[in-house]
>>> print(open('model-v8.txt').read())   # compact mmCIF, C-alpha atoms and all ligand atoms
# COMPACT_ATOMS: atom_id res chain seq x y z
CA MET A 1 0.00 0.00 0.00
CA ASP A 2 1.46 3.40 -0.91
CA SER A 3 1.11 6.50 1.15
CA ASN A 4 -1.73 8.00 -0.89
CA GLU A 5 -3.74 4.85 -0.68
CA ALA A 6 -3.07 4.58 3.08
CA ARG A 7 -4.15 8.16 3.61
CA SER A 8 -7.39 7.77 1.71
CA ILE A 9 -8.24 4.57 3.59
CA ALA A 10 -7.55 6.36 6.89
CA ASP A 11 -9.86 9.24 5.86
CA ALA A 12 -12.57 6.84 4.76
CA GLU A 13 -12.28 4.86 7.98
CA LEU A 14 -12.56 8.03 10.01
CA GLU A 15 -15.85 8.86 8.30
CA ARG A 16 -17.12 5.33 8.58
CA GLY A 17 -16.09 5.06 12.25
CA LEU A 18 -17.67 8.38 13.27
CA GLY A 19 -20.84 7.27 11.51
CA SER A 20 -21.05 3.81 13.08
CA PHE A 21 -20.21 5.05 16.61
CA ALA A 22 -22.94 7.66 16.34
CA ALA A 23 -25.39 5.06 15.02
CA ALA A 24 -24.73 2.54 17.80
CA ASP A 25 -27.88 2.35 19.98
CA SER A 26 -26.49 0.15 22.70
CA ILE A 27 -23.20 -0.49 24.43
CA ASP A 28 -22.99 -3.90 22.71
CA GLU A 29 -23.43 -2.31 19.29
CA LEU A 30 -20.83 0.33 20.13
CA GLU A 31 -18.30 -2.28 21.24
CA ALA A 32 -18.83 -4.26 18.02
CA ALA A 33 -18.27 -1.07 15.99
CA LYS A 34 -15.12 -0.31 17.93
CA THR A 35 -13.66 -3.74 17.17
CA ALA A 36 -14.53 -3.35 13.48
CA ILE A 37 -13.01 0.15 13.18
CA LEU A 38 -10.14 0.15 15.68
CA GLY A 39 -9.43 -3.54 16.30
CA ARG A 40 -6.27 -5.39 15.32
CA LYS A 41 -7.91 -6.80 12.18
CA SER A 42 -9.38 -3.48 11.08
CA ARG A 43 -8.43 -1.66 7.92
CA LEU A 44 -7.04 1.13 10.04
CA SER A 45 -4.64 -1.31 11.71
CA ASP A 46 -3.53 -2.42 8.24
CA VAL A 47 -2.86 1.22 7.44
CA GLN A 48 -0.91 1.62 10.68
CA ARG A 49 1.21 -1.41 9.89
CA SER A 50 1.94 -0.06 6.39
CA ILE A 51 3.53 3.12 7.75
CA GLY A 52 6.86 1.40 8.11
CA SER A 53 6.98 0.49 4.46
CA VAL A 54 6.39 3.94 2.89
CA SER A 55 9.27 6.19 1.91
CA ARG A 56 11.06 8.09 4.63
CA GLU A 57 9.82 11.50 3.41
CA GLU A 58 6.21 10.46 3.49
CA ARG A 59 6.38 8.44 6.67
CA GLY A 60 6.23 11.32 9.15
CA GLU A 61 3.26 12.92 7.40
CA LEU A 62 1.32 9.67 7.15
CA GLY A 63 2.13 8.63 10.72
CA LYS A 64 0.85 11.92 12.02
CA ARG A 65 -2.36 11.65 10.03
CA VAL A 66 -3.02 8.09 11.14
CA ASN A 67 -2.47 9.09 14.78
CA GLU A 68 -4.92 11.95 14.36
CA VAL A 69 -7.51 9.57 12.90
CA PHE A 70 -7.04 7.12 15.81
CA ALA A 71 -7.29 9.93 18.34
CA ASP A 72 -10.47 11.36 16.78
CA LEU A 73 -12.08 7.95 16.61
CA ARG A 74 -11.14 7.13 20.24
CA SER A 75 -12.61 10.34 21.53
CA ALA A 76 -15.78 9.82 19.46
CA TYR A 77 -16.00 6.30 20.90
CA ASP A 78 -15.47 7.56 24.49
CA ALA A 79 -18.10 10.25 24.11
CA ARG A 80 -20.67 7.81 22.71
CA ARG A 81 -19.86 5.27 25.40
CA THR A 82 -20.51 7.84 28.14
CA GLU A 83 -23.79 8.83 26.48
CA LEU A 84 -24.99 5.23 26.25
CA GLU A 85 -24.00 4.47 29.84
CA LEU A 86 -25.96 7.44 31.12
CA ALA A 87 -28.97 6.44 29.03
CA THR A 88 -28.87 2.84 30.33
CA GLY A 89 -28.64 4.11 33.91
CA ALA A 90 -31.62 6.36 33.36
CA GLU A 91 -33.59 3.47 31.85
CA ILE A 92 -32.86 1.32 34.90
CA LEU A 93 -33.88 4.12 37.19
CA ASP A 94 -37.06 4.60 35.18
CA ALA A 95 -37.92 0.94 35.35
CA ASP A 96 -37.28 0.80 39.09
CA ALA A 97 -38.95 4.07 39.84
CA VAL A 98 -41.34 4.19 42.79
CA ASP A 99 -44.26 6.53 42.39
CA VAL A 100 -44.23 8.19 45.77
CA THR A 101 -47.43 10.05 44.94
CA LEU A 102 -49.52 6.85 44.71
CA PRO A 103 -51.93 6.56 47.64
CA GLY A 104 -50.77 3.83 50.05
CA ARG A 105 -52.61 0.56 50.56
CA ARG A 106 -54.47 0.83 53.83
CA PRO A 107 -53.66 -2.03 56.19
CA ARG A 108 -56.82 -3.96 57.09
CA PRO A 109 -56.47 -4.74 60.76
CA GLY A 110 -58.22 -7.89 61.90
CA SER A 111 -60.36 -7.76 64.99
CA LEU A 112 -61.43 -10.08 67.71
CA HIS A 113 -64.78 -11.80 67.28
CA PRO A 114 -67.53 -10.13 69.34
CA LEU A 115 -67.99 -13.32 71.37
CA THR A 116 -64.27 -13.35 72.14
CA LEU A 117 -64.44 -9.71 73.17
CA VAL A 118 -67.32 -10.38 75.55
CA GLU A 119 -65.74 -13.55 76.91
CA GLN A 120 -62.45 -11.76 77.57
CA ARG A 121 -64.23 -8.95 79.38
CA MET A 122 -66.19 -11.36 81.52
CA VAL A 123 -63.11 -13.40 82.35
CA GLN A 124 -61.20 -10.25 83.21
CA ILE A 125 -63.87 -9.08 85.65
CA PHE A 126 -63.67 -12.38 87.52
CA THR A 127 -59.90 -12.74 87.43
CA ARG A 128 -59.67 -9.27 88.98
CA MET A 129 -61.82 -10.63 91.83
CA GLY A 130 -59.28 -13.42 92.29
CA TYR A 131 -60.81 -16.15 90.14
CA ARG A 132 -58.66 -18.46 88.04
CA VAL A 133 -59.57 -19.78 84.56
CA ALA A 134 -60.31 -23.51 84.35
CA GLU A 135 -60.98 -25.76 81.38
CA GLY A 136 -62.68 -29.02 80.63
CA PRO A 137 -63.17 -31.21 77.57
CA GLU A 138 -65.91 -30.50 75.02
CA VAL A 139 -66.45 -34.22 74.55
CA GLU A 140 -67.60 -35.26 77.99
CA ASP A 141 -68.73 -38.46 79.63
CA GLU A 142 -72.25 -38.86 80.95
CA TRP A 143 -71.06 -39.04 84.54
CA HIS A 144 -69.39 -35.59 84.53
CA ASN A 145 -72.06 -34.03 82.36
CA PHE A 146 -75.11 -35.48 84.13
CA GLU A 147 -74.75 -37.95 87.01
CA ALA A 148 -72.24 -35.96 89.03
CA LEU A 149 -74.34 -32.83 88.50
CA ASN A 150 -77.30 -34.57 90.08
CA ILE A 151 -79.12 -34.95 86.77
CA PRO A 152 -80.85 -38.32 87.04
CA ALA A 153 -81.02 -40.94 84.30
CA ASP A 154 -84.66 -40.14 83.51
CA HIS A 155 -84.02 -36.42 83.02
CA PRO A 156 -85.18 -35.23 79.57
CA ALA A 157 -81.82 -33.54 78.86
CA ARG A 158 -80.27 -36.98 78.70
CA THR A 159 -82.30 -38.20 75.75
CA LEU A 160 -81.00 -38.29 72.20
CA LYS A 161 -83.62 -35.69 71.44
CA ASP A 162 -81.83 -33.02 73.46
CA SER A 163 -78.15 -33.97 73.63
CA LEU A 164 -75.57 -34.70 70.98
CA TYR A 165 -73.99 -38.07 71.66
CA VAL A 166 -70.64 -38.92 70.12
CA ASP A 167 -70.79 -42.50 71.21
CA VAL A 168 -74.28 -43.51 72.24
CA ASP A 169 -73.09 -45.44 75.29
CA ALA A 170 -71.17 -42.88 77.22
CA LEU A 171 -69.77 -39.86 75.42
CA LEU A 172 -71.52 -36.69 74.37
CA LEU A 173 -70.74 -33.08 73.50
CA ARG A 174 -71.09 -31.30 76.82
CA THR A 175 -74.47 -29.66 77.20
CA GLU A 176 -73.29 -27.10 79.76
CA THR A 177 -69.98 -25.92 81.16
CA SER A 178 -71.17 -27.10 84.60
CA ALA A 179 -69.26 -30.34 83.95
CA VAL A 180 -66.08 -28.31 84.59
CA GLN A 181 -67.27 -27.81 88.20
CA ILE A 182 -66.85 -31.52 88.83
CA ARG A 183 -63.52 -31.83 87.02
CA THR A 184 -62.12 -28.86 88.94
CA MET A 185 -63.17 -30.21 92.32
CA GLN A 186 -61.70 -33.59 91.41
CA SER A 187 -58.38 -32.02 90.54
CA GLN A 188 -57.86 -29.66 93.48
CA GLU A 189 -58.58 -29.16 97.15
CA PRO A 190 -60.79 -26.27 98.28
CA PRO A 191 -60.82 -23.31 98.35
CA VAL A 192 -61.84 -23.06 94.68
CA TYR A 193 -62.54 -19.86 92.79
CA ILE A 194 -62.73 -20.55 89.05
CA VAL A 195 -64.45 -19.43 85.88
CA ALA A 196 -64.61 -21.74 82.87
CA PRO A 197 -65.53 -20.24 79.52
CA GLY A 198 -66.26 -22.56 76.64
CA ARG A 199 -68.47 -24.08 73.98
CA VAL A 200 -71.51 -26.15 74.77
CA TYR A 201 -73.70 -28.22 72.46
CA ARG A 202 -77.38 -29.03 72.33
CA ARG A 203 -79.65 -30.62 69.80
CA GLU A 204 -81.38 -27.40 68.75
CA ALA A 205 -82.88 -25.73 65.73
CA HIS A 206 -80.69 -23.17 63.99
CA ASP A 207 -82.50 -19.85 63.92
CA ALA A 208 -82.35 -16.29 65.25
CA THR A 209 -82.54 -17.39 68.87
CA HIS A 210 -81.37 -21.03 68.83
CA SER A 211 -78.09 -22.64 67.96
CA SER A 212 -76.73 -26.11 68.56
CA VAL A 213 -73.37 -24.61 69.54
CA PHE A 214 -73.06 -21.71 71.93
CA HIS A 215 -70.86 -20.45 74.74
CA GLN A 216 -71.14 -20.23 78.48
CA LEU A 217 -69.01 -18.93 81.28
CA GLU A 218 -69.26 -21.18 84.30
CA GLY A 219 -68.32 -19.93 87.74
CA LEU A 220 -67.60 -21.94 90.87
CA ALA A 221 -66.61 -20.80 94.34
CA VAL A 222 -66.19 -23.35 97.14
CA ASP A 223 -64.78 -22.47 100.52
CA GLU A 224 -65.65 -22.65 104.19
CA GLY A 225 -68.57 -20.43 105.15
CA ILE A 226 -69.71 -19.33 101.69
CA THR A 227 -73.32 -18.15 101.73
CA PHE A 228 -75.97 -17.01 99.29
CA ALA A 229 -75.03 -13.43 100.20
CA ASP A 230 -71.59 -14.05 98.67
CA LEU A 231 -73.24 -15.26 95.46
CA LYS A 232 -75.44 -12.21 95.34
CA GLY A 233 -72.58 -9.81 96.04
CA THR A 234 -70.34 -11.44 93.44
CA LEU A 235 -72.93 -11.38 90.67
CA HIS A 236 -73.95 -7.87 91.59
CA ALA A 237 -70.34 -6.72 91.27
CA PHE A 238 -70.05 -8.55 87.95
CA ALA A 239 -73.24 -6.97 86.56
CA LYS A 240 -72.10 -3.47 87.49
CA GLU A 241 -68.67 -4.00 85.91
CA MET A 242 -70.17 -5.46 82.77
CA PHE A 243 -73.16 -3.19 82.20
CA GLY A 244 -72.45 -0.05 84.19
CA SER A 245 -72.78 1.02 87.80
CA ASP A 246 -76.42 2.13 87.41
CA VAL A 247 -77.60 -1.38 86.70
CA ARG A 248 -79.99 -3.03 89.18
CA VAL A 249 -80.04 -6.76 89.80
CA ARG A 250 -83.02 -9.07 90.33
CA MET A 251 -82.82 -12.66 91.52
CA LYS A 252 -85.72 -15.08 91.21
CA PRO A 253 -85.98 -18.67 92.35
CA ASP A 254 -85.25 -21.17 89.60
CA TYR A 255 -84.50 -24.86 89.45
CA PHE A 256 -81.26 -26.54 88.35
CA PRO A 257 -80.58 -30.06 89.68
CA PHE A 258 -77.00 -29.19 90.74
CA VAL A 259 -77.83 -26.20 92.96
CA GLU A 260 -80.05 -25.72 96.01
CA PRO A 261 -81.43 -23.15 96.26
CA GLY A 262 -81.24 -22.12 92.62
CA CYS A 263 -82.06 -18.83 90.98
CA ASP A 264 -81.86 -16.87 87.83
CA LEU A 265 -80.52 -13.39 87.66
CA ALA A 266 -81.75 -10.47 85.60
CA VAL A 267 -80.36 -6.96 85.30
CA SER A 268 -82.37 -3.80 84.78
CA CYS A 269 -82.45 -3.08 81.05
CA PHE A 270 -79.55 -0.82 80.15
CA VAL A 271 -81.30 0.25 76.96
CA CYS A 272 -84.41 1.79 78.56
CA GLY A 273 -83.17 1.97 82.14
CA GLY A 274 -85.80 -0.51 83.32
CA THR A 275 -89.01 1.13 82.17
CA GLY A 276 -89.70 -1.42 79.43
CA CYS A 277 -88.73 -1.37 75.73
CA SER A 278 -88.53 -3.61 72.67
CA VAL A 279 -85.27 -5.18 73.87
CA CYS A 280 -86.37 -6.16 77.38
CA GLY A 281 -90.18 -6.11 77.29
CA ASN A 282 -90.73 -5.70 81.03
CA GLY A 283 -87.61 -3.77 82.00
CA TRP A 284 -85.49 -6.83 82.99
CA LEU A 285 -82.92 -8.82 81.02
CA GLU A 286 -82.37 -12.41 82.18
CA LEU A 287 -78.70 -13.25 82.07
CA LEU A 288 -77.79 -16.36 83.93
CA GLY A 289 -78.59 -19.28 86.19
CA ALA A 290 -76.96 -19.68 89.58
CA GLY A 291 -77.32 -21.14 93.04
CA MET A 292 -75.67 -22.77 96.02
CA VAL A 293 -73.80 -25.92 94.99
CA HIS A 294 -75.91 -28.96 95.89
CA PRO A 295 -74.27 -31.02 98.70
CA LYS A 296 -74.45 -34.10 96.47
CA VAL A 297 -72.46 -32.26 93.82
CA LEU A 298 -69.79 -31.28 96.36
CA GLU A 299 -69.58 -34.93 97.42
CA ASN A 300 -69.35 -36.06 93.79
CA GLY A 301 -66.43 -33.67 93.39
CA GLY A 302 -64.78 -35.31 96.41
CA TYR A 303 -65.43 -32.46 98.85
CA ASP A 304 -66.77 -32.70 102.40
CA SER A 305 -70.22 -31.08 102.15
CA GLU A 306 -70.39 -30.70 105.94
CA ARG A 307 -67.34 -28.50 105.94
CA TYR A 308 -67.57 -26.66 102.63
CA THR A 309 -70.27 -24.70 100.87
CA GLY A 310 -70.15 -22.94 97.55
CA PHE A 311 -72.00 -21.23 94.76
CA ALA A 312 -72.04 -21.71 91.01
CA PHE A 313 -73.33 -19.73 88.08
CA GLY A 314 -73.54 -20.14 84.32
CA ILE A 315 -73.73 -17.13 82.01
CA GLY A 316 -74.71 -17.34 78.33
CA ILE A 317 -72.00 -15.49 76.42
CA GLU A 318 -74.09 -15.03 73.25
CA ARG A 319 -76.91 -13.66 75.37
CA VAL A 320 -74.64 -11.02 76.92
CA ALA A 321 -73.09 -10.14 73.54
CA MET A 322 -76.51 -9.75 71.91
CA LEU A 323 -77.65 -7.41 74.65
CA LEU A 324 -74.43 -5.46 74.83
CA TYR A 325 -74.04 -4.92 71.08
CA GLY A 326 -77.71 -4.94 70.08
CA VAL A 327 -77.38 -8.07 67.92
CA ASN A 328 -80.81 -9.51 67.11
CA ASP A 329 -79.90 -12.74 65.33
CA LEU A 330 -77.66 -15.48 66.77
CA ARG A 331 -76.64 -16.60 63.28
CA LEU A 332 -74.67 -13.39 62.75
CA PHE A 333 -72.05 -14.72 65.17
CA THR A 334 -71.26 -17.75 63.03
CA GLU A 335 -71.86 -16.66 59.44
CA GLY A 336 -68.55 -14.81 59.15
CA ASP A 337 -70.06 -11.84 57.29
CA VAL A 338 -67.23 -9.30 57.15
CA ARG A 339 -69.67 -6.39 57.25
CA PHE A 340 -70.90 -7.61 60.64
CA LEU A 341 -67.45 -8.42 62.00
CA GLN A 342 -65.88 -5.16 60.81
CA GLN A 343 -68.06 -3.25 63.24
CA PHE A 344 -65.96 -4.67 66.07
CA GLU A 345 -62.64 -3.43 64.65
CA GLY A 346 -60.70 -1.86 67.46
CA ALA A 347 -63.42 -2.67 70.00
CA VAL A 348 -62.38 -3.72 73.48
N1 LIG B 1 -75.75 -24.86 83.56
C1 LIG B 1 -76.93 -24.03 83.64
C2 LIG B 1 -77.47 -23.83 82.22
O1 LIG B 1 -76.86 -24.24 81.27
C3 LIG B 1 -76.58 -22.70 84.24
C4 LIG B 1 -76.19 -22.82 85.69
C5 LIG B 1 -74.86 -22.95 86.03
C6 LIG B 1 -77.16 -22.79 86.68
C7 LIG B 1 -74.49 -23.04 87.35
C8 LIG B 1 -76.79 -22.85 87.99
C9 LIG B 1 -75.47 -22.99 88.34
O2 LIG B 1 -78.55 -23.30 82.06
>>> encode(input="model-v8.txt", output="C-alpha cells", more="lines below")
Ligand code: PHE
Amino acid sequence: MDSNEARSIADAELERGLGSFAAADSIDELEAAKTAILGRKSRLSDVQRSIGSVSREERGELGKRVNEVFADLRSAYDARRTELELATGAEILDADAVDVTLPGRRPRPGSLHPLTLVEQRMVQIFTRMGYRVAEGPEVEDEWHNFEALNIPADHPARTLKDSLYVDVDALLLRTETSAVQIRTMQSQEPPVYIVAPGRVYRREAHDATHSSVFHQLEGLAVDEGITFADLKGTLHAFAKEMFGSDVRVRMKPDYFPFVEPGCDLAVSCFVCGGTGCSVCGNGWLELLGAGMVHPKVLENGGYDSERYTGFAFGIGIERVAMLLYGVNDLRLFTEGDVRFLQQFEGAV
C-alpha cells in the first residue's frame, strides 16, 4: 500500500467510524463497531502497519495523520460510550422508579370476634376478683355431664332428642360448662374460685334465637362459710362492671338439679333503664342461672359437704353479647359476614 492509498483509507475509515459510533444504539453495538473500526484486524490497523513500508519523506506525514484519525475515533468512541452508559442508567432508574405520589394501601387490621371480646371482658372481671380460669373437655362423659351434677337418668336432657352423643353409650358433647365444676373439684382441694368459659352443644334448631353450639361462662366458688349473700354480692359486682354502675339486679328462684337453692338473675335493662322497651319487654334482662352448689355435687367432686359450701353460676356469652351490642340474630355470630365483623374493629 502506498502512502496515498493509506491516507485515503484512513480518511474513509474516520468517516465510517464516526458514523457507526454515532449510530450505535447500545453499548454492545458500540463495542462491536469499535472492534470493526479500531481492532487489530481493522483496515485502520492495516494502514498503521503499512507506515513502516512507505518512503522516509512520506512516513512522518502519514504517521501523524493516522495518529490523528485514531485519536479522533477514540474520543468519538469515548463520548458515545458515556452517552450510552448514562442512558442505560436512566432506563434502569425509570424501570425501578417508585411513584411516591400513589396513595398507600391501607392495612386492614383484623379484629377479635364479638364473642371473644365479651368472653375476655367477663373473664377479666372475675380474674380481677381473684378467680382463676379452668378448662374441661368438650367431649364429655355422661357421669361428669349429668350424674355428678345430680341430673338423674330419667331427666329429659339426657335423651338423644336433646343432647348430641358422640358414642351412644357414654360420650356426648357437653351440654353445659357445669361439667367443669366436677372436674375442677376432682383435681384440686378447696378453696376453689374458678371461671370456665367454653363451647356447649345441644340438639337445637338453627335460627335467630337457637343454635346447637353456643358459649357459656361457668363460675364456681367453694370455701368454708360461703353463703348465698356471697353469690349475690359477686354477681352484683359482675353486673355493674359489665353493664355499668347504674344497673340493678333481680334474683328469682329457679331450678337446676345441681344447685339448692337455685335462681336466675336479671339486670335492669340498660337500653331503657328498666321502664320497658322492645329489647327487654318488662324492663329486665335475664342473664344467667346460679345457686348454692348442691351437697351431692360437692360430694361427687370429692369435697366434704359438711365442711364446705359454695356457689355456682352459668352465664350465656351469646346472650350477653346480643344485649351489649344490640345483635338480634344469633346466626350473625357464626356466618362470618365481614360487614358484621368489621363493626368490632378496634373494640375492646
Ligand atoms: N348450667 C346451667 C345452664 O346451662 C346454668 C347454671 C350454672 C345454673 C351453674 C346454675 C349454676 O342453664
>>> residues_near_point(input="model-v8.txt", point="(-65.6, -9.6, 83.8)", cutoff="10 Å", atoms="all atoms listed in the file", output="list in words")
Val118, Glu119, Gln120, Arg121, Met122, Val123, Gln124, Ile125, Phe126, Thr127, Arg128, Met129, Ala237, Phe238, Ala239, Lys240, Glu241 and Met242 of chain A
>>> residues_around(input="model-v8.txt", residues="segment 14-20 of chain A", least_positions_apart="4", cutoff="9 Å", atoms="all atoms listed in the file", output="number ranges by chain")
A: 9-10, 24, 30, 33-34, 36-38, 44, 69-70, 72-73, 76-77
>>> write_last_selection(input="model-v8.txt", atoms="C-alpha atoms", output="PDB file, in the coordinates of the input")
ATOM      1  CA  ILE A   9      -8.240   4.570   3.590  1.00  0.00           C
ATOM      2  CA  ALA A  10      -7.550   6.360   6.890  1.00  0.00           C
ATOM      3  CA  ALA A  24     -24.730   2.540  17.800  1.00  0.00           C
ATOM      4  CA  LEU A  30     -20.830   0.330  20.130  1.00  0.00           C
ATOM      5  CA  ALA A  33     -18.270  -1.070  15.990  1.00  0.00           C
ATOM      6  CA  LYS A  34     -15.120  -0.310  17.930  1.00  0.00           C
ATOM      7  CA  ALA A  36     -14.530  -3.350  13.480  1.00  0.00           C
ATOM      8  CA  ILE A  37     -13.010   0.150  13.180  1.00  0.00           C
ATOM      9  CA  LEU A  38     -10.140   0.150  15.680  1.00  0.00           C
ATOM     10  CA  LEU A  44      -7.040   1.130  10.040  1.00  0.00           C
ATOM     11  CA  VAL A  69      -7.510   9.570  12.900  1.00  0.00           C
ATOM     12  CA  PHE A  70      -7.040   7.120  15.810  1.00  0.00           C
ATOM     13  CA  ASP A  72     -10.470  11.360  16.780  1.00  0.00           C
ATOM     14  CA  LEU A  73     -12.080   7.950  16.610  1.00  0.00           C
ATOM     15  CA  ALA A  76     -15.780   9.820  19.460  1.00  0.00           C
ATOM     16  CA  TYR A  77     -16.000   6.300  20.900  1.00  0.00           C
TER      17      TYR A  77
END
>>> residues_near_ligand(input="model-v8.txt", ligand="ligand LIG 1 (chain B)", cutoff="8 Å", atoms="all atoms listed in the file", output="list of chain:residue names")
A:Thr175, A:Glu176, A:Thr177, A:Ser178, A:Gln216, A:Glu218, A:Gly219, A:Leu220, A:Phe256, A:Phe258, A:Val259, A:Gly262, A:Cys263, A:Asp264, A:Leu288, A:Gly289, A:Ala290, A:Gly291, A:Met292, A:Val293, A:Phe311, A:Ala312, A:Phe313, A:Gly314, A:Ile315, A:Gly316
>>> residues_around(input="model-v8.txt", residues="Gly283 of chain A", least_positions_apart="5", cutoff="6 Å", atoms="only C-alpha atoms", output="ChimeraX atom specification")
/A:268-269,274-276
>>> residues_around(input="model-v8.txt", residues="Arg49 of chain A", least_positions_apart="4", cutoff="12 Å", atoms="all atoms listed in the file", output="mmCIF file with C-alpha atoms, keeping the file's coordinate frame")
data_model
loop_
_atom_site.group_PDB
_atom_site.id
_atom_site.type_symbol
_atom_site.label_atom_id
_atom_site.label_comp_id
_atom_site.auth_asym_id
_atom_site.auth_seq_id
_atom_site.Cartn_x
_atom_site.Cartn_y
_atom_site.Cartn_z
ATOM 1 C CA MET A 1 0.000 0.000 0.000
ATOM 2 C CA ASP A 2 1.460 3.400 -0.910
ATOM 3 C CA SER A 3 1.110 6.500 1.150
ATOM 4 C CA ALA A 6 -3.070 4.580 3.080
ATOM 5 C CA ARG A 40 -6.270 -5.390 15.320
ATOM 6 C CA LYS A 41 -7.910 -6.800 12.180
ATOM 7 C CA SER A 42 -9.380 -3.480 11.080
ATOM 8 C CA ARG A 43 -8.430 -1.660 7.920
ATOM 9 C CA LEU A 44 -7.040 1.130 10.040
ATOM 10 C CA SER A 45 -4.640 -1.310 11.710
ATOM 11 C CA SER A 53 6.980 0.490 4.460
ATOM 12 C CA VAL A 54 6.390 3.940 2.890
ATOM 13 C CA ARG A 59 6.380 8.440 6.670
ATOM 14 C CA LEU A 62 1.320 9.670 7.150
ATOM 15 C CA GLY A 63 2.130 8.630 10.720
ATOM 16 C CA VAL A 66 -3.020 8.090 11.140
#
>>> residues_near_point(input="model-v8.txt", point="(-61.6, -20.7, 105.2)", cutoff="12 Å", atoms="only C-alpha atoms", output="PyMOL selection string")
chain A and resi 190-192+221-226+307-310
>>> write_last_selection(input="model-v8.txt", atoms="C-alpha atoms", output="PDB file, keeping the file's coordinate frame")
ATOM      1  CA  PRO A 190     -60.790 -26.270  98.280  1.00  0.00           C
ATOM      2  CA  PRO A 191     -60.820 -23.310  98.350  1.00  0.00           C
ATOM      3  CA  VAL A 192     -61.840 -23.060  94.680  1.00  0.00           C
ATOM      4  CA  ALA A 221     -66.610 -20.800  94.340  1.00  0.00           C
ATOM      5  CA  VAL A 222     -66.190 -23.350  97.140  1.00  0.00           C
ATOM      6  CA  ASP A 223     -64.780 -22.470 100.520  1.00  0.00           C
ATOM      7  CA  GLU A 224     -65.650 -22.650 104.190  1.00  0.00           C
ATOM      8  CA  GLY A 225     -68.570 -20.430 105.150  1.00  0.00           C
ATOM      9  CA  ILE A 226     -69.710 -19.330 101.690  1.00  0.00           C
ATOM     10  CA  ARG A 307     -67.340 -28.500 105.940  1.00  0.00           C
ATOM     11  CA  TYR A 308     -67.570 -26.660 102.630  1.00  0.00           C
ATOM     12  CA  THR A 309     -70.270 -24.700 100.870  1.00  0.00           C
ATOM     13  CA  GLY A 310     -70.150 -22.940  97.550  1.00  0.00           C
TER      14      GLY A 310
END
>>> residues_around(input="model-v8.txt", residues="segment 147-149 of chain A", least_positions_apart="3", cutoff="10 Å", atoms="only C-alpha atoms", output="NGL selection string")
:A and (141-144 or 152-153 or 178-179 or 181-183 or 256-259 or 293-294 or 296-301)
>>> atom_distance(input="model-v8.txt", atom1="atom CA of Ala12 of chain A", atom2="atom CA of Ala87 of chain A")
29.3 Å
>>> decode(input="model-v8.txt", residues="segment 319-330 of chain A", atoms="N, CA, C and O atoms", output="PDB file, in the first residue's frame")
ATOM      1  N   ARG A 319     -75.826 -14.486  74.808  1.00  0.00           N
ATOM      2  CA  ARG A 319     -76.906 -13.663  75.372  1.00  0.00           C
ATOM      3  C   ARG A 319     -76.353 -12.282  75.778  1.00  0.00           C
ATOM      4  O   ARG A 319     -76.909 -11.251  75.430  1.00  0.00           O
ATOM      5  N   VAL A 320     -75.235 -12.280  76.479  1.00  0.00           N
ATOM      6  CA  VAL A 320     -74.643 -11.020  76.925  1.00  0.00           C
ATOM      7  C   VAL A 320     -74.190 -10.197  75.714  1.00  0.00           C
ATOM      8  O   VAL A 320     -74.418  -8.991  75.638  1.00  0.00           O
ATOM      9  N   ALA A 321     -73.572 -10.865  74.712  1.00  0.00           N
ATOM     10  CA  ALA A 321     -73.088 -10.139  73.536  1.00  0.00           C
ATOM     11  C   ALA A 321     -74.249  -9.529  72.760  1.00  0.00           C
ATOM     12  O   ALA A 321     -74.165  -8.396  72.276  1.00  0.00           O
ATOM     13  N   MET A 322     -75.348 -10.271  72.639  1.00  0.00           N
ATOM     14  CA  MET A 322     -76.513  -9.754  71.911  1.00  0.00           C
ATOM     15  C   MET A 322     -77.056  -8.494  72.584  1.00  0.00           C
ATOM     16  O   MET A 322     -77.392  -7.516  71.935  1.00  0.00           O
ATOM     17  N   LEU A 323     -77.124  -8.557  73.920  1.00  0.00           N
ATOM     18  CA  LEU A 323     -77.654  -7.405  74.654  1.00  0.00           C
ATOM     19  C   LEU A 323     -76.700  -6.220  74.579  1.00  0.00           C
ATOM     20  O   LEU A 323     -77.089  -5.091  74.314  1.00  0.00           O
ATOM     21  N   LEU A 324     -75.425  -6.517  74.764  1.00  0.00           N
ATOM     22  CA  LEU A 324     -74.431  -5.458  74.825  1.00  0.00           C
ATOM     23  C   LEU A 324     -74.277  -4.739  73.484  1.00  0.00           C
ATOM     24  O   LEU A 324     -74.142  -3.527  73.427  1.00  0.00           O
ATOM     25  N   TYR A 325     -74.285  -5.506  72.405  1.00  0.00           N
ATOM     26  CA  TYR A 325     -74.042  -4.921  71.078  1.00  0.00           C
ATOM     27  C   TYR A 325     -75.313  -4.742  70.250  1.00  0.00           C
ATOM     28  O   TYR A 325     -75.251  -4.347  69.087  1.00  0.00           O
ATOM     29  N   GLY A 326     -76.468  -5.089  70.831  1.00  0.00           N
ATOM     30  CA  GLY A 326     -77.713  -4.936  70.085  1.00  0.00           C
ATOM     31  C   GLY A 326     -77.787  -5.864  68.880  1.00  0.00           C
ATOM     32  O   GLY A 326     -78.265  -5.468  67.814  1.00  0.00           O
ATOM     33  N   VAL A 327     -77.319  -7.096  69.021  1.00  0.00           N
ATOM     34  CA  VAL A 327     -77.385  -8.070  67.925  1.00  0.00           C
ATOM     35  C   VAL A 327     -78.699  -8.833  68.054  1.00  0.00           C
ATOM     36  O   VAL A 327     -79.015  -9.357  69.117  1.00  0.00           O
ATOM     37  N   ASN A 328     -79.483  -8.901  66.966  1.00  0.00           N
ATOM     38  CA  ASN A 328     -80.809  -9.507  67.106  1.00  0.00           C
ATOM     39  C   ASN A 328     -80.929 -10.893  66.478  1.00  0.00           C
ATOM     40  O   ASN A 328     -81.995 -11.477  66.457  1.00  0.00           O
ATOM     41  N   ASP A 329     -79.833 -11.414  65.951  1.00  0.00           N
ATOM     42  CA  ASP A 329     -79.896 -12.740  65.327  1.00  0.00           C
ATOM     43  C   ASP A 329     -78.614 -13.513  65.658  1.00  0.00           C
ATOM     44  O   ASP A 329     -77.517 -13.104  65.285  1.00  0.00           O
ATOM     45  N   LEU A 330     -78.802 -14.638  66.349  1.00  0.00           N
ATOM     46  CA  LEU A 330     -77.663 -15.477  66.771  1.00  0.00           C
ATOM     47  C   LEU A 330     -76.771 -15.901  65.608  1.00  0.00           C
ATOM     48  O   LEU A 330     -75.580 -16.090  65.759  1.00  0.00           O
TER      49      LEU A 330
END
